[in-house]
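In what follows, a single structure is set out as structure tokens and then discussed.
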Amino acid sequence: MPSGSGGDLPARALDALAAQSDGGDSTQFASIDACEFTMGNDASDAVARDGEGPVRRVTVSAFAIAPSVVTNGEFTAFVRATRYVTDAERCGSSFVFYLQVPEAERKQARQIAAGLPWWLPLEHASWQRPEGPGSHIHTRLDHPVVHVSWHDAQAYCTWAGVRLPSEAEWECAARGGLDGRRFAWGDALMRDGVPRCNVWRGSFPHAPAEGWQPAPMPAMSNEPNGFGLYNVSGNVWEWCADWFSPAYHVATPLRDPLFASPTDRRSMRGGSYLCHDSYCNRYRLAARSSNTPTSASSNLGFRVAR
């Protein structure tokens with residue numbers, strides 16, 4: 001999916017935003033010991049074309065991973081220090097879910113993504129203006145940064161001295177020590193009639209449940225998993241280090257698997273606030289998805305590891 005957005009905030013505005021935020025707490029990484037776990041999914045809810053299986057036992061070496069995705073505050077500090085311009089900003093537009101856009105502006109969208117009419121390529125939408133002109137991140141510094149491409153995530157990692165997790169590291173950490181379950185807390189999505197993560201509520205894509213907004217929540221909202229990670233299901237998609245292939249589980253080794261052969265797409269994990277069983281149930285821990293490395297949208301962010 002293409003990406004894009006409009007011009008940068010002035011330097012003084014970035015400085016002011018950075019002053020409001022401590023840049024996040026990326027020093028508080030969760031240390032994960034060498035981990036052997038059951039990876040993948042062969043059950044009836046698996047998306048076969050994504051290559052969720054075959055299920056296998058894999059081992060990953062010890063690593064550390066951030067408890068949350070990178071926030072607006074952290075990304076502001078990066079841009080303030082480097083004056084980096086994202087792929088979306090260079091392109092001049094980025095994809096925004098249509099209910100996040102005022103109705104008058106929806107009619108002005110220059111095109112509709114083929115087969116995905118709820119995505120609007122909105123001019124001047126970017127990480128700084130998540131819903132396009134008139135929106136801003138000033139009061140959302142603790143929210144996930146979105147509208148970041150895989151290349152943007154890599155640039156941040158280079159600056160911060162971190163890296164993107166592999167798919168195997170991501171799934172190991174996301175499970176929180178709970179092997180073979182659909183989610184980090186067990187197999188049931190609901191608790192007291194409400195999803196335990198930020199996924200779509202209501203009828204997708206036109207009728208969200210009353211009182212729920214289709215948008216990211218703060219990066220450290222909801223309950224953490226057994227390793228202290230937040231929002232490993234839903235909220236925003238998370239880029240991983242791997243190239244994407246449906247043959248992942250048959251082409252990568254059982255120890256420290258990583259799909260390193262270039263394809264035209266990069267792997268994403270975790271799902272987002274737009275996931276729903278009726279359309280995309282990829283918020284399960286074993287689920288996989290992908291996008292082109294330059295893509296950006298209002299539900300796509302990243303988490304870092306080292």
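FYI, nothing fancy with the structure tokens labels: chains A, B, ... in order, residues from 1 per chain, ligands from 1 as they appear.
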
**Message:** When DSSP is applied to the backbone of this structure, which of segment 44-140 of chain A are assigned helix (DSSP H, G or I)? Write them out as a PyMOL selection string.
**Reply:** chain A and resi 48-50+72-82+87-91+98-100+103-106

Give me the residues of segment 210-302 of chain A that have any atom at most 7 Å from an atom of segment 153-164 of chain A; for each, the nearest atom pair and the distance in Å, rounded to one decimal. Use only C-alpha atoms, sort by chain and number, and format it as a Markdown table.
```
| residue | atom | partner | partner_atom | distance |
| --- | --- | --- | --- | --- |
| A:Cys240 | CA | A:Leu164 | CA | 5.5 |
| A:Ala241 | CA | A:Leu164 | CA | 5.2 |
| A:Phe302 | CA | A:Ala153 | CA | 6.7 |
```

Could you save those same residues with N, CA and C atoms as a PDB file, in the first residue's frame?
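Result file out.pdb:
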```pdb
ATOM      1  N   CYS A 240       8.621  -5.945  11.045  1.00  0.00           N
ATOM      2  CA  CYS A 240       9.671  -6.862  11.485  1.00  0.00           C
ATOM      3  C   CYS A 240      10.847  -6.809  10.508  1.00  0.00           C
ATOM      4  N   ALA A 241      11.942  -7.446  10.884  1.00  0.00           N
ATOM      5  CA  ALA A 241      13.160  -7.388  10.079  1.00  0.00           C
ATOM      6  C   ALA A 241      13.064  -8.233   8.812  1.00  0.00           C
ATOM      7  N   PHE A 302       5.953   0.484  14.637  1.00  0.00           N
ATOM      8  CA  PHE A 302       7.016  -0.498  14.818  1.00  0.00           C
ATOM      9  C   PHE A 302       7.494  -0.521  16.257  1.00  0.00           C
TER      10      PHE A 302
END
```

**Asked** Within 8 Å of Gly40 of chain A, counting only C-alpha atoms, which residues qualify if same-chain residues fewer than 4 places away don't, as a list in words?
**Response**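 Residues meeting the cut-off are Glu52, Gly53, Pro54, Val55, Arg56, His249, Ala286 and Ala287 of chain A.
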
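The two atoms in question, atom CA of Ala48 of chain A and atom CA of Tyr273 of chain A, are spaced 22.2 Å apart.
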
Can you list, as a CSV table (one decimal) with N, CA and C atoms, in the first residue's frame, every protein, DNA or RNA residue that comes within 12 Å of Cys280 of chain A when you count only C-alpha atoms, leaving out same-chain residues fewer than 2 positions away?
```csv
chain,number,residue,atom,x,y,z
A,45,ASP,N,-8.5,-21.3,12.1
A,45,ASP,CA,-8.5,-19.8,12.0
A,45,ASP,C,-7.2,-19.3,11.3
A,46,ALA,N,-6.3,-20.2,10.9
A,46,ALA,CA,-5.1,-19.7,10.2
A,46,ALA,C,-5.4,-19.2,8.8
A,47,VAL,N,-4.7,-18.2,8.4
A,47,VAL,CA,-4.8,-17.7,7.0
A,47,VAL,C,-3.7,-18.4,6.2
A,50,ASP,N,-1.1,-16.8,3.9
A,50,ASP,CA,0.0,-16.0,4.6
A,50,ASP,C,1.2,-16.9,5.1
A,199,VAL,N,-8.9,-3.9,19.0
A,199,VAL,CA,-9.3,-4.3,17.7
A,199,VAL,C,-10.7,-3.8,17.4
A,200,TRP,N,-11.1,-3.9,16.1
A,200,TRP,CA,-12.4,-3.3,15.7
A,200,TRP,C,-13.6,-3.8,16.6
A,204,PHE,N,-17.6,-4.2,10.8
A,204,PHE,CA,-16.6,-3.6,10.0
A,204,PHE,C,-17.1,-3.5,8.5
A,205,PRO,N,-16.8,-2.4,7.8
A,205,PRO,CA,-16.0,-1.2,8.2
A,205,PRO,C,-16.8,0.0,8.5
A,234,GLY,N,-3.5,-6.2,18.1
A,234,GLY,CA,-4.2,-5.0,17.9
A,234,GLY,C,-3.4,-3.7,18.0
A,270,GLY,N,1.1,-8.5,14.5
A,270,GLY,CA,0.3,-8.0,15.6
A,270,GLY,C,-1.1,-7.5,15.3
A,271,GLY,N,-1.4,-7.1,14.1
A,271,GLY,CA,-2.7,-6.6,13.7
A,271,GLY,C,-2.8,-5.2,14.2
A,272,SER,N,-4.1,-4.6,14.1
A,272,SER,CA,-4.3,-3.2,14.4
A,272,SER,C,-5.7,-3.0,14.9
A,273,TYR,N,-6.1,-1.8,15.1
A,273,TYR,CA,-7.4,-1.4,15.6
A,273,TYR,C,-8.5,-1.7,14.5
A,274,LEU,N,-8.0,-2.0,13.2
A,274,LEU,CA,-8.9,-2.2,12.1
A,274,LEU,C,-9.2,-3.7,11.9
A,275,CYS,N,-8.5,-4.6,12.7
A,275,CYS,CA,-8.7,-6.0,12.5
A,275,CYS,C,-10.1,-6.5,13.1
A,276,HIS,N,-10.7,-7.4,12.4
A,276,HIS,CA,-12.0,-8.0,12.9
A,276,HIS,C,-12.1,-9.3,12.2
A,277,ASP,N,-12.8,-10.2,12.9
A,277,ASP,CA,-12.9,-11.6,12.4
A,277,ASP,C,-13.6,-11.7,11.1
A,278,SER,N,-14.5,-10.7,10.8
A,278,SER,CA,-15.2,-10.7,9.5
A,278,SER,C,-14.4,-10.3,8.3
A,282,ARG,N,-6.0,-11.2,11.8
A,282,ARG,CA,-4.5,-11.3,11.9
A,282,ARG,C,-4.0,-10.6,13.2
A,283,TYR,N,-4.8,-10.4,14.2
A,283,TYR,CA,-4.3,-10.0,15.5
A,283,TYR,C,-3.9,-11.1,16.4
A,284,ARG,N,-4.1,-12.3,15.9
A,284,ARG,CA,-3.6,-13.5,16.7
A,284,ARG,C,-2.1,-13.5,16.6
A,287,ALA,N,-0.4,-15.0,13.6
A,287,ALA,CA,-0.8,-14.5,12.3
A,287,ALA,C,0.4,-13.6,11.7
A,288,ARG,N,0.4,-13.6,10.4
A,288,ARG,CA,1.4,-12.8,9.7
A,288,ARG,C,0.8,-12.0,8.6
A,289,SER,N,1.4,-10.9,8.3
A,289,SER,CA,1.0,-10.1,7.1
A,289,SER,C,2.2,-9.3,6.6
```

**Message:** When you count only C-alpha atoms, which of these residues is closest to Leu258 of chain A: A:Pro144, A:Ala168, A:Leu116, A:Ala104?
**Reply:**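 For Leu258 of chain A, the nearest of the given residues is A:Ala168.
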
**Message:** To test your reading of the structure, identify every residue in segment 78-246 of chain A that backbone DSSP assigns to strand (DSSP E), and report it as a VMD selection string.
**Reply:** chain A and resid 93 to 97 119 to 123 190 to 191 194 to 195 202 to 203 207 to 208 237 to 243

With 10 Å as the cut-off and only C-alpha atoms counted, what is the closest atom pair between each nearby residue of segment 136-221 of chain A and segment 123-128 of chain A? Distances in Å to one decimal, ordered by chain and number, as JSON lines.
```
{"residue": "A:His136", "atom": "CA", "partner": "A:Gln128", "partner_atom": "CA", "distance": 5.8}
{"residue": "A:Ile137", "atom": "CA", "partner": "A:Gln128", "partner_atom": "CA", "distance": 5.9}
{"residue": "A:His138", "atom": "CA", "partner": "A:Gln128", "partner_atom": "CA", "distance": 8.8}
{"residue": "A:Pro144", "atom": "CA", "partner": "A:Trp127", "partner_atom": "CA", "distance": 9.5}
{"residue": "A:Val145", "atom": "CA", "partner": "A:Trp127", "partner_atom": "CA", "distance": 6.1}
{"residue": "A:Val146", "atom": "CA", "partner": "A:Trp127", "partner_atom": "CA", "distance": 5.4}
{"residue": "A:His147", "atom": "CA", "partner": "A:Trp127", "partner_atom": "CA", "distance": 5.1}
{"residue": "A:Val148", "atom": "CA", "partner": "A:Trp127", "partner_atom": "CA", "distance": 6.8}
```

Store the residues picked out above, limited to N, CA and C atoms, as a JSON list (two decimals), in the first residue's frame.
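Produced file selection33.json, reproduced below:
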```json
[["chain", "number", "residue", "atom", "x", "y", "z"],
["A", 136, "HIS", "N", -2.95, 16.74, 14.58],
["A", 136, "HIS", "CA", -1.58, 16.87, 15.07],
["A", 136, "HIS", "C", -1.35, 15.88, 16.21],
["A", 137, "ILE", "N", -0.11, 15.73, 16.63],
["A", 137, "ILE", "CA", 0.24, 14.77, 17.67],
["A", 137, "ILE", "C", 0.52, 15.45, 19.01],
["A", 138, "HIS", "N", 0.25, 16.74, 19.12],
["A", 138, "HIS", "CA", 0.64, 17.51, 20.31],
["A", 138, "HIS", "C", 0.15, 16.89, 21.61],
["A", 144, "PRO", "N", 1.26, 5.47, 19.63],
["A", 144, "PRO", "CA", 2.18, 4.92, 18.63],
["A", 144, "PRO", "C", 2.41, 5.90, 17.48],
["A", 145, "VAL", "N", 3.63, 6.02, 17.04],
["A", 145, "VAL", "CA", 3.87, 6.75, 15.80],
["A", 145, "VAL", "C", 3.34, 5.89, 14.66],
["A", 146, "VAL", "N", 2.65, 6.50, 13.71],
["A", 146, "VAL", "CA", 2.10, 5.79, 12.56],
["A", 146, "VAL", "C", 2.53, 6.52, 11.28],
["A", 147, "HIS", "N", 2.11, 6.01, 10.15],
["A", 147, "HIS", "CA", 2.55, 6.54, 8.86],
["A", 147, "HIS", "C", 4.07, 6.44, 8.70],
["A", 148, "VAL", "N", 4.65, 5.37, 9.24],
["A", 148, "VAL", "CA", 6.08, 5.14, 9.08],
["A", 148, "VAL", "C", 6.29, 3.90, 8.21]]
```

**Message:** At a cut-off of 12 Å, using only C-alpha atoms, what residues contact Asn198 of chain A? Leave out same-chain residues fewer than 4 positions from it and give the result as a ChimeraX atom specification.
**Reply:** /A:189-190,194,212-223,230-237,270-276,283,299

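When only C-alpha atoms are used to compute distances to Ala247 of chain A, the closest of the residues A:Asp42, A:Gly51, A:Gly177, A:Pro224 turns out to be A:Gly51.
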
**Item:** Counting only C-alpha atoms, the residue of A:Ser295, A:Asn72, A:Asn225, A:Ser135 that sits nearest Cys197 of chain A
**Value:**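 Among the listed residues, the smallest separation from Cys197 of chain A belongs to A:Asn225.
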
**Message:** Would you pick out the contacts of Tyr84 of chain A at 10 Å or less, using only C-alpha atoms, so that residues sharing its chain but fewer than 4 positions from it are not included, and give the list as a PyMOL selection string?
**Reply:** chain A and resi 8+75-76+78-80+89+152+155-156

**Message:** Please report the interatomic distance between atom CA of Pro257 of chain A and atom CA of Gly226 of chain A in Å with one decimal.
**Reply:**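 Calculated distance between atom CA of Pro257 of chain A and atom CA of Gly226 of chain A is 22.6 Å.
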
**Which of A:Arg106, A:Phe183, A:Arg255, A:Leu229 sits closest to Asn281 of chain A [using only C-alpha atoms]** =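 That would be A:Phe183, the residue with the smallest distance to Asn281 of chain A.
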
Write out as an mmCIF file with N, CA and C atoms, in the first residue's frame each polymer residue whose atoms come within 9 Å of Trp119 of chain A, counting only C-alpha atoms; drop sequence neighbours fewer than 5 positions from it.
```cif
data_model
loop_
_atom_site.group_PDB
_atom_site.id
_atom_site.type_symbol
_atom_site.label_atom_id
_atom_site.label_comp_id
_atom_site.auth_asym_id
_atom_site.auth_seq_id
_atom_site.Cartn_x
_atom_site.Cartn_y
_atom_site.Cartn_z
ATOM 1 N N PHE A 95 -2.043 6.772 3.531
ATOM 2 C CA PHE A 95 -3.355 6.157 3.654
ATOM 3 C C PHE A 95 -3.936 6.325 5.061
ATOM 4 N N VAL A 96 -5.178 6.788 5.112
ATOM 5 C CA VAL A 96 -5.898 7.020 6.361
ATOM 6 C C VAL A 96 -7.234 6.290 6.278
ATOM 7 N N PHE A 97 -7.612 5.612 7.344
ATOM 8 C CA PHE A 97 -8.919 4.951 7.384
ATOM 9 C C PHE A 97 -10.007 6.014 7.268
ATOM 10 N N TYR A 98 -10.995 5.765 6.428
ATOM 11 C CA TYR A 98 -11.914 6.834 6.024
ATOM 12 C C TYR A 98 -12.711 7.435 7.184
ATOM 13 N N ILE A 112 -9.175 5.890 -4.708
ATOM 14 C CA ILE A 112 -9.507 4.860 -3.721
ATOM 15 C C ILE A 112 -8.591 3.672 -3.978
ATOM 16 N N ALA A 113 -8.015 3.110 -2.916
ATOM 17 C CA ALA A 113 -7.162 1.932 -3.067
ATOM 18 C C ALA A 113 -7.991 0.778 -3.626
ATOM 19 N N SER A 297 0.650 4.022 6.617
ATOM 20 C CA SER A 297 -0.785 4.168 6.836
ATOM 21 C C SER A 297 -1.033 4.543 8.288
#
```
